[in-house]
4 protein chains.
Amino acid sequence: MPRLAYLGPEGTFTEEALRLLDPTAERVPCATVSAALNAARGGDADGAVVPLENSIEGAITTTLDEFAWGEPLVINAELLLPVQFSLLARPGVEIPHIKRVYTHPAAITQCRSFIARELPDTVVVSAPSTAAAAQEVSLPGSPYDAAIAARIAGEHYGLVELAPDIGDRSDTVTRFVKVSRPGPLPEVTGSDRTTLVVFLADDHPGALLEMLTEFSVRGVNLTRIESRPTGDGIGRYFFHFDFEGHVADARVGEAIAGLHRICGEVRFLGSYPRADGLAPQIKRGTSDPEFAEAGDWLARIRAGRV
Amino acid sequence: MPRLAYLGPEGTFTEEALRLLDPTAERVPCATVSAALNAARGGDADGAVVPLENSIEGAITTTLDEFAWGEPLVINAELLLPVQFSLLARPGVEIPHIKRVYTHPAAITQCRSFIARELPDTVVVSAPSTAAAAQEVSLPGSPYDAAIAARIAGEHYGLVELAPDIGDRSDTVTRFVKVSRPGPLPEVTGSDRTTLVVFLADDHPGALLEMLTEFSVRGVNLTRIESRPTGDGIGRYFFHFDFEGHVADARVGEAIAGLHRICGEVRFLGSYPRADGLAPQIKRGTSDPEFAEAGDWLARIRAGRV
Amino acid sequence: MPRLAYLGPEGTFTEEALRLLDPTAERVPCATVSAALNAARGGDADGAVVPLENSIEGAITTTLDEFAWGEPLVINAELLLPVQFSLLARPGVEIPHIKRVYTHPAAITQCRSFIARELPDTVVVSAPSTAAAAQEVSLPGSPYDAAIAARIAGEHYGLVELAPDIGDRSDTVTRFVKVSRPGPLPEVTGSDRTTLVVFLADDHPGALLEMLTEFSVRGVNLTRIESRPTGDGIGRYFFHFDFEGHVADARVGEAIAGLHRICGEVRFLGSYPRADGLAPQIKRGTSDPEFAEAGDWLARIRAGRV
Amino acid sequence: MPRLAYLGPEGTFTEEALRLLDPTAERVPCATVSAALNAARGGDADGAVVPLENSIEGAITTTLDEFAWGEPLVINAELLLPVQFSLLARPGVEIPHIKRVYTHPAAITQCRSFIARELPDTVVVSAPSTAAAAQEVSLPGSPYDAAIAARIAGEHYGLVELAPDIGDRSDTVTRFVKVSRPGPLPEVTGSDRTTLVVFLADDHPGALLEMLTEFSVRGVNLTRIESRPTGDGIGRYFFHFDFEGHVADARVGEAIAGLHRICGEVRFLGSYPRADGLAPQIKRGTSDPEFAEAGDWLARIRAGRV
């Protein structure tokens, strides 16, 4: 039974994701994304589950930066989790009583309409996580009357759900990834995704276009690009790329070897099954058999057998 | 004397930026980036100053999303402000007394080494802004013993600077922009930057490469690209682009008209002098005179005068 | 009634093309392509009809070089003419009598199988044109027994057709163009072609790729590219391009203005209706209305009206 | 001592090229380029020397088409030969006596100024080759008074040089290649060239741009491109490419394997030392060691060793 660290406390969306990714795992809640990843790095856990991006908030930059700068970890699974917020309170508290609400800033943003409509005079205070907010609200004597958090957090901490699904959009999704220390890669499934971090060699005009051309010429489709600052002043960035395919695929291997040749540093963050199960459209001439056949052809030519 | 809204309260880095961008402006502090921008939109202020990105934290996503989705505003100036954090406390409090520190999460991240070394047993609590933290700490009876904030915040709120420049890196910079409602553009200076938001028409493979090619073929160099979620699920993004040149430059105009033709929506966010004063290297064939000459040549050909 | 010069003498395929392109024209046979073009340049004729390329032989390089280096002429019509060769002889001569055949080298190449099969022991001699061959053979006392030429040439010169359609391929086609001194252009028909000559500014790596990108980024499809030596040594070339669309089309205009900006010299050789009547597939964002709308949008932005 | 076929008769520029390429070879003159190549194909000769292109005339299309369609041969050497024409006549004939000149059409074109100036009233007749013209003129009773040919042809056939170097340009050059049946390739010298013939899989818009991108993304510089008709009607072409580097170079191998994957057919025509001895500028990331290192890196990643 693997031990998996996650962004806690109990009752976070991350816990929900972990339960879905590995129902049998032993769960190790950690205070921060960094702490969860360090648990995996250091061996306190066999891996970790952390959020990578949210369909409203965008990238979880702490996760991106940890993946780029920290001791290497690789993704071996991903999950898309619908995010539904509930208004949670201690038993006996009703909506009209609520003066102070505690929740994570992302939830404040995503529940803006509900708050304006139902809690117009309420003070909303930022919490480190929605689950931490629920935990705090559950304490007798808490200065907060209600939390906005996952329903699961209410169950954990004995809160009552005063209103379900209060987000402005009902289709919000967070993408979680399960990571572990480097080791054998997940098998090719035909519906895979690969994630990289790429640092430029020198920041010349056209550098990004060149990188994208390394992908496109091998028929590898990007699914996400994020730029992050290198820390060396405004205007200096590195990149996260997600793209279709597995590093064991010939087209993917040649593309990332190409990036490796022209870039300053390429860090491999894993090849893993896509959560959405979509298979890529493989462009003419870029399938594994076509690469193999071209390699044979080239070998014959080099041997003088035209 | 223009009225400029900004991310307050008094003592924020944004206030410092505003003072440098327009020393004579009347300053209108607002609780959030959105509130500051809304003040400019609604006419309560003539414009607003807000942070756009930080060399450690990256993009200020609230600002990006407000620019993309809110009522249109355009940037007419930018400023690069070195960010230096101070440890601030009420008079009489010394470092050994400090049990609880209050500051913005970005400051927690950026002062990690100092905190670990000098305040190892201290609880650090997240504040909505560094200036708000200083303000809170200045109140008698505050549960916090110290704030991490700009020196200017200490001066505002009567705090003592216990330690200056406590960030892990001494070269951290935040980029601020001054925006106003649309109107006449700043003049071309020869060292200009232009900012756009671009939504894809349809998210086909190669769409980003096509957009970059619209720039590169006219010799327009990108200086920043940020992807942001459209809200319509994981895997759907729009883009912020910064690039060299002014929309009045022929090469820039043709490039963004090209984007406008192939993309779903292009929102112009302003052309304005670069804070760093760098002039672009103009690629052969893409200067204004070369565009004008080519236009004359084409007109002659179309008129049958070869 | 216009006077049109052509590659003579009477009975050439070019004469046939001229009759189809302009049945009412007065025909002025000339000894060479250059002579025909010079007649048009100098005013002895109102225009000229010359071959441009053949589906077996390829480009007629004399024509290409005349268009590139001579006094400017522009194409205003094109024609695709099936090329069918006949074996022609003076009345009374039968195939078994034929010892010496006279014809143009292209006809020798294209009738190779027939010659090998039916005239295995015959000497085949090169003539300046197939019609000149027929003319020569028609003279009493000619050293040649037969000519390979167009049937029309046999009719002109009183020869008997011993064998029709003797080419190796029955689908051979020659493309002819009608040119005149520069003047008002043919109207846009929606099925147009444009021809250019392009000299590089400097022969750097990637120069050809850059030129093709000027076309592709505006959705302009090439239909022919020919390289020709500049005369300045092996390895120095200029280019002929044919592509879809009319110079009056916005996408075409912007593409060739782009070439004009980055290349050493661009010579416009005309926009004219396509002989095959095919209409181009216009890529999203590159139609005239889309260009016009993008121009209006840009003008509004430059005027500060976002 | 190898036997090399060449475009004869004795005295052609091709013979001169052959003597320079392999002074010790036994020389086998042939009537046509095709005959010379067939001699090499069939084993009558160990190889052949033929012209490929001329700095004024352009490509020798017979050679290009033979290389594309005939039994495979590969180039193993190239030579750039300055082409200087002489006016040659039988002993006793002076310029004022000359009524009829015999020479190859290319020589007519290239000596146009001399002919117009010195031989204004002379009839100039086309010969199959300049050497054949010289041979013919040397015969007593020839209908021609002079030939334009290489000086070497005059020496062969006992003619007197009436005027040396009569070409319009004194820097005309012809590129010759030595070919043989496929076998072990010439060694990598660091200053190599590779030649290919490429047939499209399907003639979609952008196909040429895609081919060039396969080269450019691996930093392989084209030195020549020629389009030739496939024979299947106007508008259908295949391509000859010359480019820097040897097929044994990693960047060249990957580029042509890429072409092989996306094109209909790629025919390898040889890697051989450049006659000009120029070494390519190797773009960052495309040297053999960089390819090898990237391959090792990829292998480590695929093995799970990040």
# chains A, B, ... in the order shown; residues from 1 in each chain; ligands from 1
$ residues_around --residues "range 95-107 of chain A" --least-positions-apart "6" --cutoff "6 Å" --atoms "only C-alpha atoms" --output "ChimeraX atom specification"
/A:122-130,133,144-148
$ residues_around --residues "range 272-285 of chain A" --least-positions-apart "3" --cutoff "10 Å" --atoms "only C-alpha atoms" --output "PyMOL selection string"
(chain A and resi 74-81+175-178+185-195+216-221+243-247+251+269+288-291+294) or (chain B and resi 205) or (chain D and resi 201+258-263)
$ write_last_selection --atoms "N, CA and C atoms" --output "tab-separated table (two decimals), in the first residue's frame"
chain	number	residue	atom	x	y	z
A	74	VAL	N	8.65	13.04	-11.24
A	74	VAL	CA	7.97	12.86	-12.52
A	74	VAL	C	6.50	12.48	-12.29
A	75	ILE	N	5.69	13.00	-13.20
A	75	ILE	CA	4.25	12.76	-13.14
A	75	ILE	C	3.99	11.36	-13.70
A	76	ASN	N	3.16	10.57	-13.00
A	76	ASN	CA	2.78	9.30	-13.60
A	76	ASN	C	1.28	9.10	-13.73
A	77	ALA	N	0.51	10.11	-13.31
A	77	ALA	CA	-0.94	10.04	-13.53
A	77	ALA	C	-1.52	11.44	-13.41
A	78	GLU	N	-2.64	11.66	-14.06
A	78	GLU	CA	-3.33	12.94	-13.91
A	78	GLU	C	-4.82	12.66	-13.70
A	79	LEU	N	-5.52	13.64	-13.15
A	79	LEU	CA	-6.95	13.51	-12.89
A	79	LEU	C	-7.60	14.87	-13.08
A	80	LEU	N	-8.76	14.88	-13.71
A	80	LEU	CA	-9.54	16.12	-13.82
A	80	LEU	C	-10.70	16.02	-12.83
A	81	LEU	N	-10.71	16.91	-11.85
A	81	LEU	CA	-11.71	16.82	-10.79
A	81	LEU	C	-12.64	18.02	-10.87
A	175	ARG	N	-7.06	20.20	-12.40
A	175	ARG	CA	-6.24	19.09	-12.86
A	175	ARG	C	-5.21	18.78	-11.79
A	176	PHE	N	-5.21	17.55	-11.34
A	176	PHE	CA	-4.26	17.09	-10.34
A	176	PHE	C	-3.28	16.12	-10.98
A	177	VAL	N	-2.10	16.05	-10.43
A	177	VAL	CA	-1.13	15.06	-10.92
A	177	VAL	C	-0.56	14.29	-9.75
A	178	LYS	N	-0.25	13.06	-10.03
A	178	LYS	CA	0.43	12.22	-9.06
A	178	LYS	C	1.88	12.10	-9.50
A	185	LEU	N	8.90	4.32	-16.43
A	185	LEU	CA	7.79	5.17	-16.88
A	185	LEU	C	6.51	4.35	-17.03
A	186	PRO	N	5.36	5.02	-16.91
A	186	PRO	CA	4.10	4.34	-17.25
A	186	PRO	C	4.15	3.85	-18.69
A	187	GLU	N	3.44	2.78	-18.96
A	187	GLU	CA	3.44	2.24	-20.32
A	187	GLU	C	2.72	3.15	-21.29
A	188	VAL	N	3.05	2.98	-22.55
A	188	VAL	CA	2.35	3.70	-23.60
A	188	VAL	C	0.92	3.15	-23.69
A	189	THR	N	-0.05	4.07	-23.69
A	189	THR	CA	-1.45	3.62	-23.80
A	189	THR	C	-2.08	4.03	-25.12
A	190	GLY	N	-1.42	4.92	-25.85
A	190	GLY	CA	-2.02	5.46	-27.07
A	190	GLY	C	-2.80	6.72	-26.79
A	191	SER	N	-3.03	7.01	-25.53
A	191	SER	CA	-3.66	8.28	-25.14
A	191	SER	C	-2.85	8.85	-24.00
A	192	ASP	N	-1.68	9.37	-24.36
A	192	ASP	CA	-0.73	9.79	-23.34
A	192	ASP	C	-0.42	11.28	-23.46
A	193	ARG	N	0.11	11.77	-22.38
A	193	ARG	CA	0.54	13.16	-22.36
A	193	ARG	C	1.95	13.20	-21.79
A	194	THR	N	2.73	14.18	-22.24
A	194	THR	CA	4.08	14.36	-21.72
A	194	THR	C	4.23	15.80	-21.28
A	195	THR	N	4.98	16.00	-20.21
A	195	THR	CA	5.18	17.34	-19.65
A	195	THR	C	6.67	17.63	-19.54
A	216	SER	N	6.15	20.90	-34.00
A	216	SER	CA	5.22	20.79	-35.14
A	216	SER	C	5.81	19.97	-36.27
A	217	VAL	N	7.13	20.05	-36.46
A	217	VAL	CA	7.72	19.35	-37.58
A	217	VAL	C	7.64	17.84	-37.37
A	218	ARG	N	7.53	17.41	-36.12
A	218	ARG	CA	7.32	15.98	-35.84
A	218	ARG	C	5.86	15.66	-35.55
A	219	GLY	N	4.97	16.61	-35.81
A	219	GLY	CA	3.55	16.33	-35.64
A	219	GLY	C	3.11	16.14	-34.20
A	220	VAL	N	3.82	16.79	-33.28
A	220	VAL	CA	3.46	16.68	-31.86
A	220	VAL	C	2.66	17.91	-31.46
A	221	ASN	N	1.44	17.69	-30.99
A	221	ASN	CA	0.54	18.82	-30.66
A	221	ASN	C	0.68	19.23	-29.21
A	243	PHE	N	2.12	18.13	-23.95
A	243	PHE	CA	1.82	17.79	-25.34
A	243	PHE	C	1.39	16.34	-25.45
A	244	GLU	N	0.76	16.06	-26.56
A	244	GLU	CA	0.24	14.73	-26.82
A	244	GLU	C	1.37	13.73	-27.05
A	245	GLY	N	1.16	12.52	-26.54
A	245	GLY	CA	2.11	11.45	-26.82
A	245	GLY	C	3.00	11.12	-25.64
A	246	HIS	N	3.70	10.02	-25.78
A	246	HIS	CA	4.55	9.44	-24.73
A	246	HIS	C	5.99	9.55	-25.19
A	247	VAL	N	6.89	9.76	-24.26
A	247	VAL	CA	8.30	9.91	-24.64
A	247	VAL	C	8.82	8.66	-25.36
A	251	ARG	N	8.04	10.04	-32.47
A	251	ARG	CA	7.91	11.47	-32.80
A	251	ARG	C	8.17	12.34	-31.59
A	269	LEU	N	9.28	15.92	-17.18
A	269	LEU	CA	8.37	15.80	-16.04
A	269	LEU	C	7.41	14.64	-16.17
A	288	ASP	N	4.94	5.64	-35.23
A	288	ASP	CA	6.12	4.83	-34.90
A	288	ASP	C	6.56	3.96	-36.07
A	289	PRO	N	5.64	3.26	-36.76
A	289	PRO	CA	6.11	2.45	-37.90
A	289	PRO	C	6.75	3.30	-38.99
A	290	GLU	N	6.22	4.50	-39.22
A	290	GLU	CA	6.83	5.35	-40.25
A	290	GLU	C	8.22	5.82	-39.84
A	291	PHE	N	8.39	6.10	-38.55
A	291	PHE	CA	9.74	6.46	-38.08
A	291	PHE	C	10.69	5.27	-38.24
A	294	ALA	N	11.60	4.77	-41.85
A	294	ALA	CA	12.53	5.81	-42.31
A	294	ALA	C	13.93	5.57	-41.76
B	205	PRO	N	-4.50	22.21	-33.68
B	205	PRO	CA	-3.05	22.05	-33.54
B	205	PRO	C	-2.33	23.12	-34.36
D	201	ALA	N	4.07	13.42	-51.77
D	201	ALA	CA	3.07	12.38	-51.54
D	201	ALA	C	1.75	12.82	-52.16
D	258	GLY	N	13.24	12.59	-42.21
D	258	GLY	CA	12.00	13.35	-42.08
D	258	GLY	C	11.32	13.55	-43.43
D	259	LEU	N	12.10	13.90	-44.43
D	259	LEU	CA	11.55	14.02	-45.79
D	259	LEU	C	10.95	12.70	-46.25
D	260	HIS	N	11.70	11.64	-46.00
D	260	HIS	CA	11.24	10.32	-46.41
D	260	HIS	C	9.88	9.99	-45.79
D	261	ARG	N	9.71	10.40	-44.53
D	261	ARG	CA	8.44	10.10	-43.87
D	261	ARG	C	7.26	10.89	-44.45
D	262	ILE	N	7.50	12.14	-44.84
D	262	ILE	CA	6.36	12.97	-45.26
D	262	ILE	C	6.19	13.05	-46.78
D	263	CYS	N	7.15	12.55	-47.53
D	263	CYS	CA	7.07	12.69	-48.98
D	263	CYS	C	6.71	11.35	-49.62
$ residues_around --residues "Ala303 in chain A" --least-positions-apart "4" --cutoff "9 Å" --atoms "only C-alpha atoms" --output "number ranges by chain"
A: 298-299; D: 183-185
$ select_by_dssp --residues "range 72-256 of chain C" --states "strand (DSSP E or B)" --output "MDAnalysis selection string"
chainID C and resid 74:82 86:89 100:103 123:126 146:149 160:163 173:180 192:199 222:229 237:244
$ residues_around --residues "Pro9 in chain B" --least-positions-apart "2" --cutoff "7 Å" --atoms "only C-alpha atoms" --output "JSON, numbers by chain"
{"B": [7, 11, 12, 29, 30, 31, 131, 132]}
$ interface_residues --of "chain C" --to "chain D" --cutoff "7 Å" --atoms "only C-alpha atoms" --output "list in words"
Asn54, Ser55, Ile56, Gly58, Thr172, Val173, Pro205, Gly206, Leu209, Leu212, Ser216, Asn221, Thr223, Arg224, Ile225, Glu226, Ser227, Arg228, Pro229, Gly231, Asp232, Gly233, Ile234 and Gly235 of chain C
$ write_last_selection --atoms "N, CA and C atoms" --output "PDB file, in the first residue's frame"
ATOM      1  N   ASN C  54       6.321  23.088 -70.296  1.00  0.00           N
ATOM      2  CA  ASN C  54       5.752  21.911 -70.924  1.00  0.00           C
ATOM      3  C   ASN C  54       5.729  20.796 -69.883  1.00  0.00           C
ATOM      4  N   SER C  55       4.699  19.983 -69.922  1.00  0.00           N
ATOM      5  CA  SER C  55       4.536  19.001 -68.853  1.00  0.00           C
ATOM      6  C   SER C  55       5.570  17.884 -68.903  1.00  0.00           C
ATOM      7  N   ILE C  56       6.342  17.794 -69.966  1.00  0.00           N
ATOM      8  CA  ILE C  56       7.435  16.824 -70.037  1.00  0.00           C
ATOM      9  C   ILE C  56       8.795  17.520 -69.957  1.00  0.00           C
ATOM     10  N   GLY C  58       9.456  20.642 -69.050  1.00  0.00           N
ATOM     11  CA  GLY C  58       9.648  21.616 -67.980  1.00  0.00           C
ATOM     12  C   GLY C  58       9.647  23.028 -68.518  1.00  0.00           C
ATOM     13  N   THR C 172       0.495  15.064 -72.939  1.00  0.00           N
ATOM     14  CA  THR C 172       1.463  16.145 -72.815  1.00  0.00           C
ATOM     15  C   THR C 172       0.788  17.484 -73.107  1.00  0.00           C
ATOM     16  N   VAL C 173       1.170  18.456 -72.323  1.00  0.00           N
ATOM     17  CA  VAL C 173       0.540  19.774 -72.396  1.00  0.00           C
ATOM     18  C   VAL C 173       1.629  20.828 -72.378  1.00  0.00           C
ATOM     19  N   PRO C 205      21.257  31.475 -45.504  1.00  0.00           N
ATOM     20  CA  PRO C 205      20.479  30.257 -45.248  1.00  0.00           C
ATOM     21  C   PRO C 205      19.059  30.628 -44.832  1.00  0.00           C
ATOM     22  N   GLY C 206      18.117  29.896 -45.348  1.00  0.00           N
ATOM     23  CA  GLY C 206      16.740  30.148 -44.952  1.00  0.00           C
ATOM     24  C   GLY C 206      16.029  31.194 -45.782  1.00  0.00           C
ATOM     25  N   LEU C 209      12.951  29.756 -47.472  1.00  0.00           N
ATOM     26  CA  LEU C 209      11.918  29.488 -46.462  1.00  0.00           C
ATOM     27  C   LEU C 209      11.220  30.792 -46.066  1.00  0.00           C
ATOM     28  N   LEU C 212       8.780  31.735 -48.823  1.00  0.00           N
ATOM     29  CA  LEU C 212       7.569  30.901 -48.822  1.00  0.00           C
ATOM     30  C   LEU C 212       6.673  31.260 -47.643  1.00  0.00           C
ATOM     31  N   SER C 216       2.715  31.881 -47.291  1.00  0.00           N
ATOM     32  CA  SER C 216       1.839  30.994 -46.517  1.00  0.00           C
ATOM     33  C   SER C 216       1.121  31.736 -45.405  1.00  0.00           C
ATOM     34  N   ASN C 221      -1.302  30.236 -52.039  1.00  0.00           N
ATOM     35  CA  ASN C 221      -0.718  28.955 -52.439  1.00  0.00           C
ATOM     36  C   ASN C 221       0.114  29.075 -53.700  1.00  0.00           C
ATOM     37  N   THR C 223       1.815  27.704 -57.024  1.00  0.00           N
ATOM     38  CA  THR C 223       1.519  26.635 -57.975  1.00  0.00           C
ATOM     39  C   THR C 223       2.756  26.233 -58.782  1.00  0.00           C
ATOM     40  N   ARG C 224       3.792  27.063 -58.761  1.00  0.00           N
ATOM     41  CA  ARG C 224       5.021  26.715 -59.479  1.00  0.00           C
ATOM     42  C   ARG C 224       6.170  27.499 -58.893  1.00  0.00           C
ATOM     43  N   ILE C 225       7.314  26.886 -58.756  1.00  0.00           N
ATOM     44  CA  ILE C 225       8.545  27.584 -58.410  1.00  0.00           C
ATOM     45  C   ILE C 225       9.622  27.082 -59.345  1.00  0.00           C
ATOM     46  N   GLU C 226      10.371  28.006 -59.912  1.00  0.00           N
ATOM     47  CA  GLU C 226      11.504  27.649 -60.761  1.00  0.00           C
ATOM     48  C   GLU C 226      12.697  28.443 -60.278  1.00  0.00           C
ATOM     49  N   SER C 227      13.810  27.789 -60.140  1.00  0.00           N
ATOM     50  CA  SER C 227      15.035  28.539 -59.858  1.00  0.00           C
ATOM     51  C   SER C 227      15.815  28.697 -61.146  1.00  0.00           C
ATOM     52  N   ARG C 228      16.445  29.827 -61.297  1.00  0.00           N
ATOM     53  CA  ARG C 228      17.292  30.083 -62.470  1.00  0.00           C
ATOM     54  C   ARG C 228      18.590  30.707 -61.986  1.00  0.00           C
ATOM     55  N   PRO C 229      19.683  30.436 -62.680  1.00  0.00           N
ATOM     56  CA  PRO C 229      20.954  31.033 -62.249  1.00  0.00           C
ATOM     57  C   PRO C 229      20.962  32.542 -62.512  1.00  0.00           C
ATOM     58  N   GLY C 231      23.640  34.056 -63.096  1.00  0.00           N
ATOM     59  CA  GLY C 231      24.783  34.305 -63.967  1.00  0.00           C
ATOM     60  C   GLY C 231      26.055  34.532 -63.173  1.00  0.00           C
ATOM     61  N   ASP C 232      25.909  34.757 -61.870  1.00  0.00           N
ATOM     62  CA  ASP C 232      27.077  35.072 -61.042  1.00  0.00           C
ATOM     63  C   ASP C 232      27.676  33.835 -60.393  1.00  0.00           C
ATOM     64  N   GLY C 233      27.773  32.779 -61.152  1.00  0.00           N
ATOM     65  CA  GLY C 233      28.436  31.595 -60.618  1.00  0.00           C
ATOM     66  C   GLY C 233      27.446  30.566 -60.099  1.00  0.00           C
ATOM     67  N   ILE C 234      27.926  29.337 -60.037  1.00  0.00           N
ATOM     68  CA  ILE C 234      27.121  28.235 -59.511  1.00  0.00           C
ATOM     69  C   ILE C 234      26.725  28.545 -58.066  1.00  0.00           C
ATOM     70  N   GLY C 235      25.486  28.302 -57.748  1.00  0.00           N
ATOM     71  CA  GLY C 235      25.046  28.498 -56.367  1.00  0.00           C
ATOM     72  C   GLY C 235      24.297  29.803 -56.146  1.00  0.00           C
TER      73      GLY C 235
END
$ residues_around --residues "Phe268 in chain C" --least-positions-apart "4" --cutoff "7 Å" --atoms "only C-alpha atoms" --output "list in words"
Val306 of chain B; Thr195, Leu196 and Val197 of chain C
$ write_last_selection --atoms "C-alpha atoms" --output "PDB file, in the first residue's frame"
ATOM      1  CA  VAL B 306       5.344  48.151 -63.535  1.00  0.00           C
TER       2      VAL B 306
ATOM      3  CA  THR C 195       3.535  35.378 -61.653  1.00  0.00           C
ATOM      4  CA  LEU C 196       6.616  36.976 -60.119  1.00  0.00           C
ATOM      5  CA  VAL C 197      10.364  36.979 -60.515  1.00  0.00           C
TER       6      VAL C 197
END
$ atom_distance --atom1 "CA of Asp165 in chain D" --atom2 "CA of Gly70 in chain C"
24.8 Å
$ residues_around --residues "Thr24 in chain B" --least-positions-apart "5" --cutoff "8 Å" --atoms "only C-alpha atoms" --output "ChimeraX atom specification"
/B:1-2,19
$ write_last_selection --atoms "N, CA and C atoms" --output "JSON list (two decimals), in the first residue's frame"
[["chain", "number", "residue", "atom", "x", "y", "z"],
["B", 1, "MET", "N", -4.66, 68.08, -12.33],
["B", 1, "MET", "CA", -4.04, 67.01, -11.53],
["B", 1, "MET", "C", -4.90, 65.74, -11.63],
["B", 2, "PRO", "N", -4.38, 64.70, -12.31],
["B", 2, "PRO", "CA", -5.20, 63.50, -12.50],
["B", 2, "PRO", "C", -5.38, 62.74, -11.19],
["B", 19, "ARG", "N", 3.69, 56.91, -7.45],
["B", 19, "ARG", "CA", 4.43, 58.15, -7.18],
["B", 19, "ARG", "C", 5.52, 58.38, -8.22]]
$ atom_distance --atom1 "CA of Val179 in chain D" --atom2 "CA of Phe85 in chain D"
25.9 Å
$ select_by_dssp --residues "range 45-181 of chain B" --states "alpha helix (DSSP H)" --output "JSON, numbers by chain"
{"B": [61, 62, 63, 64, 65, 66, 67, 68, 69, 105, 106, 107, 108, 109, 110, 112, 113, 114, 115, 116, 117, 118, 130, 131, 132, 133, 134, 135, 136, 137, 138, 151, 152, 153, 154, 155, 156, 157]}
$ atom_distance --atom1 "CA of Glu26 in chain C" --atom2 "CA of Gly304 in chain B"
24.5 Å
$ closest_residue --among "D:Arg3, D:Arg27, D:Arg181, D:Arg112" --to "Ile166 in chain D" --atoms "only C-alpha atoms"
D:Arg112
$ decode --residues "range 21-32 of chain C" --atoms "N, CA and C atoms" --output "CSV table (one decimal), in the first residue's frame"
chain,number,residue,atom,x,y,z
C,21,LEU,N,-6.1,31.7,-78.2
C,21,LEU,CA,-6.1,32.8,-77.2
C,21,LEU,C,-6.8,34.0,-77.8
C,22,ASP,N,-6.5,34.2,-79.1
C,22,ASP,CA,-7.1,35.4,-79.7
C,22,ASP,C,-7.4,35.1,-81.2
C,23,PRO,N,-8.5,34.6,-81.5
C,23,PRO,CA,-8.8,34.1,-82.9
C,23,PRO,C,-8.7,35.2,-84.0
C,24,THR,N,-8.9,36.4,-83.5
C,24,THR,CA,-9.0,37.5,-84.5
C,24,THR,C,-7.7,38.3,-84.7
C,25,ALA,N,-6.7,37.9,-83.9
C,25,ALA,CA,-5.5,38.7,-83.9
C,25,ALA,C,-4.8,38.5,-85.3
C,26,GLU,N,-4.1,39.6,-85.6
C,26,GLU,CA,-3.1,39.5,-86.7
C,26,GLU,C,-1.9,38.8,-86.2
C,27,ARG,N,-1.4,37.8,-86.9
C,27,ARG,CA,-0.3,37.0,-86.4
C,27,ARG,C,1.0,37.4,-87.0
C,28,VAL,N,2.0,37.6,-86.2
C,28,VAL,CA,3.3,38.0,-86.7
C,28,VAL,C,4.4,36.9,-86.2
C,29,PRO,N,4.7,36.0,-87.2
C,29,PRO,CA,5.7,35.0,-86.8
C,29,PRO,C,7.1,35.5,-86.6
C,30,CYS,N,7.8,35.1,-85.6
C,30,CYS,CA,9.1,35.5,-85.3
C,30,CYS,C,10.0,34.3,-85.2
C,31,ALA,N,11.3,34.5,-85.4
C,31,ALA,CA,12.2,33.3,-85.4
C,31,ALA,C,12.5,32.7,-84.1
C,32,THR,N,12.4,33.5,-83.0
C,32,THR,CA,12.8,33.1,-81.7
C,32,THR,C,11.8,33.7,-80.7
